[in-house]
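Pasting work-v1.cif here (mmCIF, C-alpha atoms and all ligand atoms):
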data_my_file
#
loop_
_atom_site.label_atom_id
_atom_site.label_comp_id
_atom_site.auth_asym_id
_atom_site.auth_seq_id
_atom_site.Cartn_x
_atom_site.Cartn_y
_atom_site.Cartn_z
CA MET A 26 1.12 -27.77 -18.72
CA HIS A 27 2.02 -24.26 -19.59
CA GLU A 28 5.50 -23.23 -18.49
CA ILE A 29 5.53 -19.88 -16.69
CA PRO A 30 8.59 -17.85 -17.77
CA PRO A 31 11.02 -17.26 -14.84
CA GLU A 32 10.49 -13.48 -14.75
CA ASP A 33 6.76 -14.03 -14.25
CA ARG A 34 7.11 -16.45 -11.36
CA GLN A 35 5.76 -14.04 -8.79
CA LEU A 36 2.37 -13.88 -7.16
CA THR A 37 1.08 -10.80 -5.39
CA LEU A 38 -1.95 -11.03 -3.12
CA VAL A 39 -3.79 -7.74 -3.49
CA VAL A 40 -5.99 -6.81 -0.55
CA ALA A 41 -8.01 -3.59 -0.33
CA ALA A 42 -8.88 -2.64 3.22
CA TYR A 43 -11.12 0.11 4.49
CA ASP A 44 -11.63 0.25 8.25
CA GLU A 45 -10.82 -3.42 8.69
CA ALA A 46 -9.00 -3.24 12.03
CA GLU A 47 -11.44 -5.74 13.49
CA ALA A 48 -11.02 -8.29 10.71
CA LEU A 49 -7.32 -8.02 9.83
CA PRO A 50 -5.82 -9.65 12.94
CA ALA A 51 -7.75 -12.84 12.21
CA LEU A 52 -6.83 -12.76 8.53
CA TRP A 53 -3.12 -11.97 8.87
CA PRO A 54 -1.90 -15.46 9.92
CA ARG A 55 -3.95 -16.94 7.07
CA LEU A 56 -2.40 -14.50 4.58
CA ARG A 57 1.07 -15.39 5.82
CA ALA A 58 0.29 -19.05 5.41
CA ALA A 59 -0.88 -18.29 1.87
CA LEU A 60 2.41 -16.50 1.13
CA ASP A 61 4.28 -19.57 2.37
CA ALA A 62 2.06 -21.76 0.21
CA ALA A 63 2.90 -19.62 -2.84
CA GLU A 64 6.61 -20.04 -2.08
CA ARG A 65 6.15 -23.79 -1.86
CA GLU A 66 4.69 -23.54 -5.37
CA GLY A 67 8.03 -22.09 -6.47
CA LEU A 68 6.81 -18.50 -6.73
CA ARG A 69 8.10 -15.29 -5.22
CA ALA A 70 5.27 -14.23 -2.94
CA ARG A 71 4.14 -10.71 -2.12
CA LEU A 72 1.26 -9.26 -0.20
CA LEU A 73 0.14 -5.81 -1.29
CA CYS A 74 -2.26 -4.16 1.14
CA VAL A 75 -4.08 -1.05 0.03
CA ASP A 76 -5.36 1.13 2.82
CA ASP A 77 -8.31 2.92 1.26
CA GLY A 78 -8.23 5.92 3.60
CA SER A 79 -9.16 4.00 6.75
CA ARG A 80 -9.92 6.00 9.87
CA ASP A 81 -9.50 3.20 12.40
CA GLY A 82 -6.32 1.34 13.31
CA THR A 83 -5.99 -0.39 9.93
CA TRP A 84 -2.88 1.50 8.78
CA ALA A 85 -1.04 0.90 12.07
CA LEU A 86 -1.84 -2.81 11.85
CA LEU A 87 -0.64 -3.00 8.26
CA GLN A 88 2.61 -1.23 9.13
CA GLY A 89 3.16 -3.78 11.87
CA TYR A 90 2.68 -6.62 9.36
CA ALA A 91 5.15 -5.00 6.96
CA ARG A 92 7.75 -4.75 9.74
CA GLU A 93 7.15 -8.38 10.63
CA ASP A 94 7.38 -9.72 7.10
CA ALA A 95 9.53 -8.31 4.28
CA ARG A 96 7.15 -9.75 1.67
CA VAL A 97 4.49 -7.17 2.56
CA ALA A 98 4.10 -4.02 0.46
CA LEU A 99 1.84 -1.19 1.57
CA LEU A 100 -0.06 1.43 -0.31
CA ARG A 101 -2.06 4.14 1.39
CA LEU A 102 -4.48 6.29 -0.60
CA SER A 103 -4.96 9.96 0.24
CA ARG A 104 -8.60 9.34 1.24
CA ASN A 105 -11.34 6.76 0.84
CA PHE A 106 -11.78 6.25 -2.91
CA GLY A 107 -14.01 3.18 -2.76
CA LYS A 108 -13.23 -0.46 -3.33
CA GLU A 109 -12.99 -0.33 -7.12
CA ALA A 110 -10.41 2.46 -7.05
CA ALA A 111 -8.48 0.82 -4.20
CA LEU A 112 -8.28 -2.43 -6.16
CA THR A 113 -7.17 -0.56 -9.25
CA ALA A 114 -4.45 1.15 -7.22
CA GLY A 115 -3.29 -2.20 -5.88
CA LEU A 116 -3.23 -3.85 -9.31
CA ASP A 117 -1.33 -0.86 -10.73
CA HIS A 118 1.41 -1.37 -8.16
CA VAL A 119 2.01 -5.06 -8.82
CA GLU A 120 5.45 -4.93 -10.44
CA CYS A 121 5.46 -8.32 -12.15
CA GLY A 122 3.89 -11.74 -12.19
CA ALA A 123 0.29 -12.59 -11.42
CA ALA A 124 -2.12 -11.03 -8.93
CA LEU A 125 -4.62 -12.69 -6.64
CA VAL A 126 -7.32 -10.31 -5.42
CA LEU A 127 -9.04 -10.97 -2.12
CA ASP A 128 -11.14 -9.12 0.45
CA ALA A 129 -9.68 -8.02 3.76
CA ASP A 130 -12.53 -9.49 5.78
CA GLY A 131 -11.78 -13.20 5.37
CA GLN A 132 -14.76 -13.83 3.09
CA ASP A 133 -12.42 -14.95 0.33
CA PRO A 134 -10.39 -17.83 1.80
CA PRO A 135 -6.63 -17.43 1.11
CA GLU A 136 -6.31 -21.18 1.68
CA LEU A 137 -7.49 -21.69 -1.92
CA LEU A 138 -4.30 -20.13 -3.31
CA PRO A 139 -2.78 -23.46 -4.50
CA GLN A 140 -5.93 -24.17 -6.52
CA PHE A 141 -5.71 -20.76 -8.20
CA VAL A 142 -2.04 -21.26 -8.95
CA ARG A 143 -2.73 -24.69 -10.42
CA LYS A 144 -5.20 -23.19 -12.89
CA TRP A 145 -2.72 -20.44 -13.79
CA ARG A 146 -0.12 -23.14 -14.45
CA GLU A 147 -2.63 -24.90 -16.69
CA GLY A 148 -2.66 -21.77 -18.84
CA PHE A 149 -5.71 -19.89 -17.60
CA ASP A 150 -5.47 -16.11 -17.42
CA ASP A 151 -8.55 -15.26 -15.40
CA VAL A 152 -9.17 -17.72 -12.59
CA ARG A 153 -12.39 -16.78 -10.83
CA GLY A 154 -13.70 -17.76 -7.47
CA VAL A 155 -17.39 -18.57 -7.86
CA ARG A 156 -19.45 -18.55 -4.69
CA VAL A 157 -21.57 -21.62 -4.27
CA ALA A 158 -22.82 -20.54 -0.87
CA ARG A 159 -22.96 -17.29 1.01
CA ALA A 160 -23.03 -17.56 4.75
CA GLY A 161 -23.60 -14.67 7.10
CA GLU A 162 -25.40 -12.48 4.57
CA GLY A 163 -29.09 -11.68 4.93
CA TRP A 164 -31.71 -12.97 2.50
CA LEU A 165 -32.23 -9.45 1.15
CA LYS A 166 -28.58 -9.13 0.14
CA ARG A 167 -28.52 -12.63 -1.33
CA ALA A 168 -31.78 -12.09 -3.24
CA SER A 169 -30.75 -8.69 -4.59
CA ALA A 170 -27.32 -10.00 -5.58
CA HIS A 171 -28.97 -12.93 -7.35
CA LEU A 172 -31.32 -10.59 -9.23
CA PHE A 173 -28.54 -8.15 -10.08
CA TYR A 174 -26.25 -10.80 -11.57
CA ARG A 175 -29.07 -12.08 -13.75
CA LEU A 176 -30.06 -8.60 -14.88
CA ILE A 177 -26.54 -7.42 -15.73
CA GLY A 178 -25.87 -10.80 -17.36
CA ARG A 179 -28.69 -10.12 -19.80
CA LEU A 180 -27.99 -6.44 -20.34
CA SER A 181 -24.24 -6.42 -20.72
CA ALA A 182 -22.72 -7.04 -24.13
CA THR A 183 -19.61 -8.62 -22.57
CA PRO A 184 -20.06 -11.41 -20.03
CA VAL A 185 -20.40 -10.64 -16.34
CA PRO A 186 -20.28 -14.12 -14.84
CA ARG A 187 -22.81 -14.96 -12.16
CA ASP A 188 -22.01 -15.08 -8.46
CA THR A 189 -18.43 -14.11 -9.17
CA GLY A 190 -16.93 -11.40 -7.03
CA ASP A 191 -13.51 -9.86 -7.20
CA PHE A 192 -11.82 -12.96 -5.73
CA ARG A 193 -9.66 -14.01 -8.66
CA LEU A 194 -6.19 -14.59 -10.04
CA LEU A 195 -5.07 -12.59 -13.05
CA SER A 196 -2.18 -13.82 -15.15
CA PRO A 197 0.48 -11.24 -16.11
CA ARG A 198 -1.08 -10.59 -19.50
CA ALA A 199 -4.61 -10.33 -18.09
CA LEU A 200 -3.25 -7.86 -15.54
CA ALA A 201 -1.56 -5.83 -18.27
CA ALA A 202 -4.82 -5.79 -20.22
CA LEU A 203 -6.84 -4.67 -17.23
CA ARG A 204 -4.44 -1.84 -16.54
CA GLN A 205 -5.19 -0.34 -19.92
CA LEU A 206 -8.80 0.29 -18.92
CA ARG A 207 -8.65 3.70 -17.26
CA GLU A 208 -12.33 4.60 -17.12
CA ARG A 209 -13.54 6.45 -14.03
CA GLN A 210 -16.79 4.56 -13.71
CA ARG A 211 -15.16 1.36 -12.61
CA PHE A 212 -17.24 -1.73 -12.35
CA MET A 213 -14.48 -4.27 -11.83
CA LYS A 214 -16.61 -7.37 -12.33
CA GLY A 215 -17.50 -6.04 -15.77
CA LEU A 216 -13.95 -4.96 -16.59
CA PHE A 217 -12.62 -8.42 -15.67
CA GLY A 218 -15.19 -9.92 -18.06
CA TRP A 219 -14.40 -7.41 -20.78
CA ILE A 220 -10.74 -8.38 -21.15
CA GLY A 221 -11.60 -11.96 -22.10
CA PHE A 222 -8.76 -14.58 -22.31
CA ASN A 223 -9.12 -18.10 -20.95
CA ALA A 224 -11.22 -18.22 -17.83
CA ALA A 225 -11.43 -20.98 -15.25
CA GLU A 226 -13.72 -21.20 -12.26
CA ILE A 227 -13.04 -22.29 -8.73
CA PRO A 228 -16.17 -22.91 -6.66
CA TYR A 229 -15.92 -21.89 -3.03
CA GLN A 230 -18.04 -21.43 0.04
CA ARG A 231 -18.24 -17.78 0.91
CA GLY A 232 -18.11 -17.55 4.67
CA ALA A 233 -19.14 -14.72 6.96
CA ARG A 234 -16.84 -11.79 7.76
CA VAL A 235 -14.29 -12.66 10.43
CA GLY A 236 -14.89 -9.29 12.11
CA GLY A 237 -16.17 -5.77 11.57
CA ARG A 238 -19.11 -4.70 9.43
CA SER A 239 -19.84 -4.70 5.72
CA LYS A 240 -19.14 -1.38 4.00
CA PHE A 241 -21.84 -1.95 1.46
CA GLY A 242 -25.23 -0.92 2.77
CA PHE A 243 -28.39 -0.77 0.72
CA TRP A 244 -27.72 2.60 -0.93
CA ARG A 245 -24.14 1.79 -1.75
CA LEU A 246 -25.19 -1.48 -3.35
CA TRP A 247 -27.98 0.26 -5.26
CA ASN A 248 -25.56 2.87 -6.64
CA PHE A 249 -23.06 0.13 -7.39
CA ALA A 250 -25.75 -1.71 -9.38
CA LEU A 251 -26.62 1.48 -11.30
CA GLN A 252 -22.94 2.01 -12.04
CA GLY A 253 -22.59 -1.56 -13.27
CA ILE A 254 -25.59 -1.28 -15.55
CA THR A 255 -24.79 2.15 -16.96
CA SER A 256 -21.15 1.35 -17.61
CA PHE A 257 -21.84 -1.94 -19.35
CA SER A 258 -25.11 -1.39 -21.13
CA THR A 259 -27.10 1.24 -22.94
CA ALA A 260 -30.25 -0.87 -22.72
CA PRO A 261 -32.02 1.66 -20.44
CA LEU A 262 -31.63 4.30 -23.17
CA ARG A 263 -33.05 1.93 -25.73
CA LEU A 264 -35.88 1.10 -23.34
CA ALA A 265 -36.73 4.81 -23.26
CA THR A 266 -36.89 4.80 -27.06
CA TYR A 267 -39.25 1.82 -27.11
CA VAL A 268 -41.48 3.14 -24.35
CA GLY A 269 -41.66 6.41 -26.28
CA LEU A 270 -42.50 4.58 -29.47
CA MET A 271 -45.23 2.56 -27.80
CA THR A 272 -46.77 5.61 -26.15
CA SER A 273 -46.76 7.45 -29.47
CA LEU A 274 -48.55 4.55 -31.15
CA LEU A 275 -51.15 4.43 -28.40
CA ALA A 276 -51.51 8.21 -28.50
CA PHE A 277 -51.97 8.10 -32.24
CA GLY A 278 -54.73 5.51 -31.96
CA PHE A 279 -56.40 7.40 -29.18
CA SER A 280 -56.34 10.75 -31.01
CA ALA A 281 -57.80 9.15 -34.11
CA TRP A 282 -60.61 7.82 -31.97
CA VAL A 283 -61.17 11.24 -30.34
CA VAL A 284 -61.46 12.93 -33.75
CA VAL A 285 -63.79 10.30 -35.18
CA ARG A 286 -65.96 10.44 -32.10
CA ALA A 287 -66.19 14.25 -32.29
CA LEU A 288 -67.13 14.09 -35.99
CA LEU A 289 -69.81 11.45 -35.46
CA TRP A 290 -71.33 12.55 -32.17
CA GLY A 291 -70.18 16.13 -31.75
CA ASP A 292 -67.79 17.48 -29.18
CA ARG A 293 -69.29 17.39 -25.72
CA VAL A 294 -66.84 19.03 -23.34
CA ALA A 295 -66.08 16.18 -21.07
CA GLY A 296 -63.17 13.82 -20.53
CA TRP A 297 -61.39 15.55 -17.68
CA PRO A 298 -60.41 12.18 -16.13
CA SER A 299 -58.95 10.87 -19.37
CA LEU A 300 -57.12 14.14 -19.96
CA MET A 301 -55.56 14.01 -16.53
CA ALA A 302 -54.63 10.38 -16.96
CA VAL A 303 -52.89 11.05 -20.26
CA ILE A 304 -51.03 14.12 -19.02
CA LEU A 305 -49.81 12.39 -15.88
CA LEU A 306 -48.76 9.26 -17.71
CA LEU A 307 -46.87 11.18 -20.37
CA GLY A 308 -45.28 13.44 -17.77
CA GLY A 309 -44.08 10.42 -15.82
CA VAL A 310 -42.71 8.63 -18.86
CA GLN A 311 -40.89 11.78 -20.00
CA LEU A 312 -39.31 12.40 -16.62
CA MET A 313 -38.20 8.78 -16.41
CA ALA A 314 -36.58 8.93 -19.84
CA LEU A 315 -34.90 12.22 -18.90
CA GLY A 316 -33.62 10.65 -15.69
CA MET A 317 -32.12 7.76 -17.66
CA ILE A 318 -30.38 10.17 -20.01
CA GLY A 319 -29.21 12.10 -16.93
CA GLU A 320 -27.65 8.98 -15.44
CA TYR A 321 -25.50 8.54 -18.53
CA LEU A 322 -24.80 12.23 -18.94
CA GLY A 323 -23.64 12.56 -15.33
CA ARG A 324 -21.23 9.69 -15.79
CA LEU A 325 -19.99 11.16 -19.05
CA TYR A 326 -19.37 14.42 -17.16
CA GLU A 327 -17.32 12.61 -14.51
CA GLU A 328 -15.39 10.83 -17.23
CA SER A 329 -14.68 14.04 -19.16
CA LYS A 330 -12.88 15.61 -16.18
CA GLN A 331 -10.07 13.09 -16.61
CA ARG A 332 -9.08 13.16 -12.96
CA PRO A 333 -6.76 10.44 -11.71
CA LEU A 334 -8.55 7.36 -10.36
CA TYR A 335 -6.87 7.67 -6.96
CA LEU A 336 -4.08 9.53 -5.21
CA VAL A 337 -1.29 7.80 -3.33
CA ASP A 338 -0.32 9.01 0.12
CA VAL A 339 2.37 6.41 0.94
CA TRP A 340 3.89 3.66 -1.20
CA ARG A 341 6.11 1.22 0.61
CA PRO A 342 7.36 -1.58 -1.66
CA ALA A 343 7.98 -5.06 -0.32
CA ASP A 344 11.74 -4.60 0.10
CA GLY A 345 10.94 -2.58 3.17
CA VAL A 346 12.13 0.89 2.17
CA SER A 347 9.56 3.65 2.32
CA SER A 348 9.59 5.76 -0.81
CA ALA A 349 8.22 9.19 -1.67
CA HIS A 350 4.81 9.76 -3.16
CA ARG A 351 4.17 8.72 -6.69
N1 LIG A 401 -13.40 -1.81 0.78
C1 LIG A 401 -12.53 -0.81 0.34
N2 LIG A 401 -13.00 0.47 0.21
C2 LIG A 401 -14.29 0.81 0.48
C3 LIG A 401 -15.18 -0.23 0.88
C4 LIG A 401 -14.70 -1.52 1.01
O1 LIG A 401 -11.34 -1.07 0.10
O2 LIG A 401 -14.64 1.97 0.34
C5 LIG A 401 -12.90 -3.18 0.93
C6 LIG A 401 -13.20 -3.78 2.29
O3 LIG A 401 -12.22 -3.44 3.23
C7 LIG A 401 -13.19 -5.27 1.97
C8 LIG A 401 -13.74 -5.30 0.55
O4 LIG A 401 -13.58 -4.00 0.03
O5 LIG A 401 -11.89 -5.80 1.95
C9 LIG A 401 -15.18 -5.77 0.51
O6 LIG A 401 -15.96 -4.93 1.35
P1 LIG A 401 -17.13 -5.53 2.26
O7 LIG A 401 -16.68 -6.79 2.92
O8 LIG A 401 -17.62 -4.43 3.14
O9 LIG A 401 -18.23 -5.84 1.17
P2 LIG A 401 -19.22 -7.12 1.17
O10 LIG A 401 -18.35 -8.34 1.28
O11 LIG A 401 -20.10 -6.94 2.34
O12 LIG A 401 -19.92 -7.01 -0.15
MG MG A 402 -17.07 -8.71 2.77
#
Can you dump the structure from the file as structure tokens?
Ligand code: UDP
Ligand code: MG
Amino acid sequence: MHEIPPEDRQLTLVVAAYDEAEALPALWPRLRAALDAAEREGLRARLLCVDDGSRDGTWALLQGYAREDARVALLRLSRNFGKEAALTAGLDHVECGAALVLDADGQDPPELLPQFVRKWREGFDDVRGVRVARAGEGWLKRASAHLFYRLIGRLSATPVPRDTGDFRLLSPRALAALRQLRERQRFMKGLFGWIGFNAAEIPYQRGARVGGRSKFGFWRLWNFALQGITSFSTAPLRLATYVGLMTSLLAFGFSAWVVVRALLWGDRVAGWPSLMAVILLLGGVQLMALGMIGEYLGRLYEESKQRPLYLVDVWRPADGVSSAHR
């Protein structure tokens, strides 16, 4: 058993919420119970809710929870920055101890908190919830998620564990490590894998949302997948090189054959179909390779602007006093 130093005996539940007014009321009693469970484990317990620019009643609900319970800290971003930025903002505002990240829609059961804490006590730094079942999600989402995890698992140089979402506990040093990664193209699942340290897994049944709708439609998931791949792998660029190499080899063979044929049998003007086929194929391959380069270049451009990852509108620490903007 690894003894947690007294100053680190704090656990903050970090919840990013965007338009979750329909789900939060069902989750709130469960979060409170989780805070009590953390206290029974001998930890100071905090709940840090990040309002990612919600336009429904989310912020009002959260303020109510903070009035009800002094363990609740609130952070409101200046607009919707997306889940990855909201999570980053939340993790940046955890003052000490470990952090447990969970979704605001009840899909990550807070009841598992004691299991996460047990693994932290055993000396693990990155305790991951691994979904063994996904209820309430269509076959298309499950199939594409399955495919995506396998693809990124093969492409990425650092591990991106399968079927592992953002539901996880980070020990103080894992949290400190994660905070050093300030890239704009944030693919949290990859960043969590990048930091390394001792990882443990906790299998869980991923239930359906307790209310409201998923914020990740097809296009958002597709862009998320592109972001994951481009920020953790340059394999697409290498693929362009190899496709180019192969086409050149084929082209070389074909031109040799065209010359030999012309020398042996003379040059009959013909071959319009083959000419078209070659031009179209090469045009397509070139545009695809350019597009791949563009994907990376665009991200490099975003990165080079060095803008902050998020802007804070309101920060209200757990002691209950509202403070000015950071
Ligand atoms: N979320 C967020 N900002 C966004 C989109 C989502 O903070 O721009 C939060 C959302 O409130 C939820 C979590 O991210 O707590 C996961 O979102 P969702 O449940 O829609 O994703 P899914 O579980 O369907 O993949
Ligand atoms: Mg969800």
(request) Using all atoms listed in the file, determine which residues fall within 7 Å of ligand LIG 401 (chain A), then list them as an MDAnalysis selection string. (result) chainID A and resid 40:45 76:77 105:108 111 128:130 132 234 238:241
Keeping only C-alpha atoms, write the selected residues to a file as a compact mmCIF listing (two decimals), keeping the file's coordinate frame.
# COMPACT_ATOMS: atom_id res chain seq x y z
CA VAL A 40 -5.99 -6.81 -0.55
CA ALA A 41 -8.01 -3.59 -0.33
CA ALA A 42 -8.88 -2.64 3.22
CA TYR A 43 -11.12 0.11 4.49
CA ASP A 44 -11.63 0.25 8.25
CA GLU A 45 -10.82 -3.42 8.69
CA ASP A 76 -5.36 1.13 2.82
CA ASP A 77 -8.31 2.92 1.26
CA ASN A 105 -11.34 6.76 0.84
CA PHE A 106 -11.78 6.25 -2.91
CA GLY A 107 -14.01 3.18 -2.76
CA LYS A 108 -13.23 -0.46 -3.33
CA ALA A 111 -8.48 0.82 -4.20
CA ASP A 128 -11.14 -9.12 0.45
CA ALA A 129 -9.68 -8.02 3.76
CA ASP A 130 -12.53 -9.49 5.78
CA GLN A 132 -14.76 -13.83 3.09
CA ARG A 234 -16.84 -11.79 7.76
CA ARG A 238 -19.11 -4.70 9.43
CA SER A 239 -19.84 -4.70 5.72
CA LYS A 240 -19.14 -1.38 4.00
CA PHE A 241 -21.84 -1.95 1.46
(request) Rank nothing, just name the residue among A:Lys330, A:Ala59, A:Cys74, A:Leu125 nearest to A:Arg101, using all atoms listed in the file. (result) A:Cys74
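In this model, the gap between atom CA of A:Leu99 and atom CA of A:Arg204 comes to 19.2 Å.
Proximity to A:Ala58 at 12 Å, evaluated using only C-alpha atoms and with sequence-adjacent residues fewer than 3 positions away removed, yields A:Leu38, A:Leu52, A:Trp53, A:Pro54, A:Arg55, A:Asp61, A:Ala62, A:Ala63, A:Glu64, A:Arg65, A:Ala70, A:Arg71, A:Leu72, A:Asp94, A:Pro134, A:Pro135, A:Glu136, A:Leu137, A:Leu138, A:Pro139.
Residues with any atom within 6 Å of A:Ser103, counting only C-alpha atoms and excluding same-chain neighbours fewer than 2 positions away, are Leu336, Val337 and Asp338 of chain A.
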(request) Determine, counting only C-alpha atoms, which protein, DNA and RNA residues have an atom within 8 Å of an atom of A:Leu203; residues of the same chain fewer than 2 positions away are not included. Present the result as a PyMOL selection string. (result) chain A and resi 199-201+205-206+216-217+220
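Separating atom CA of A:Gly218 from atom CA of A:Pro184 is a distance of 5.5 Å.
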(request) Return the single residue from A:Arg293, A:Glu328, A:Leu315, A:Ala302 that is closest to A:Leu262, with distances computed using all atoms listed in the file. (result) A:Leu315
(message) For A:Arg187, find every residue with an atom within 12 Å (counting only C-alpha atoms), except residues of its own chain fewer than 6 positions away, and show them as a PyMOL selection string.
(response) chain A and resi 153-157+170-179+214-215+218+226+228
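Our summary of the geometry notes that atom CA of A:Ala168 is positioned 11.5 Å from atom CA of A:Asp188.
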(request) Taking the point (-12.8, -18.9, -15.6) as given in the file, collect each protein or nucleic acid residue that comes within 12 Å of it, counting all atoms listed in the file, and present the set as a count of residues only. (result) 32
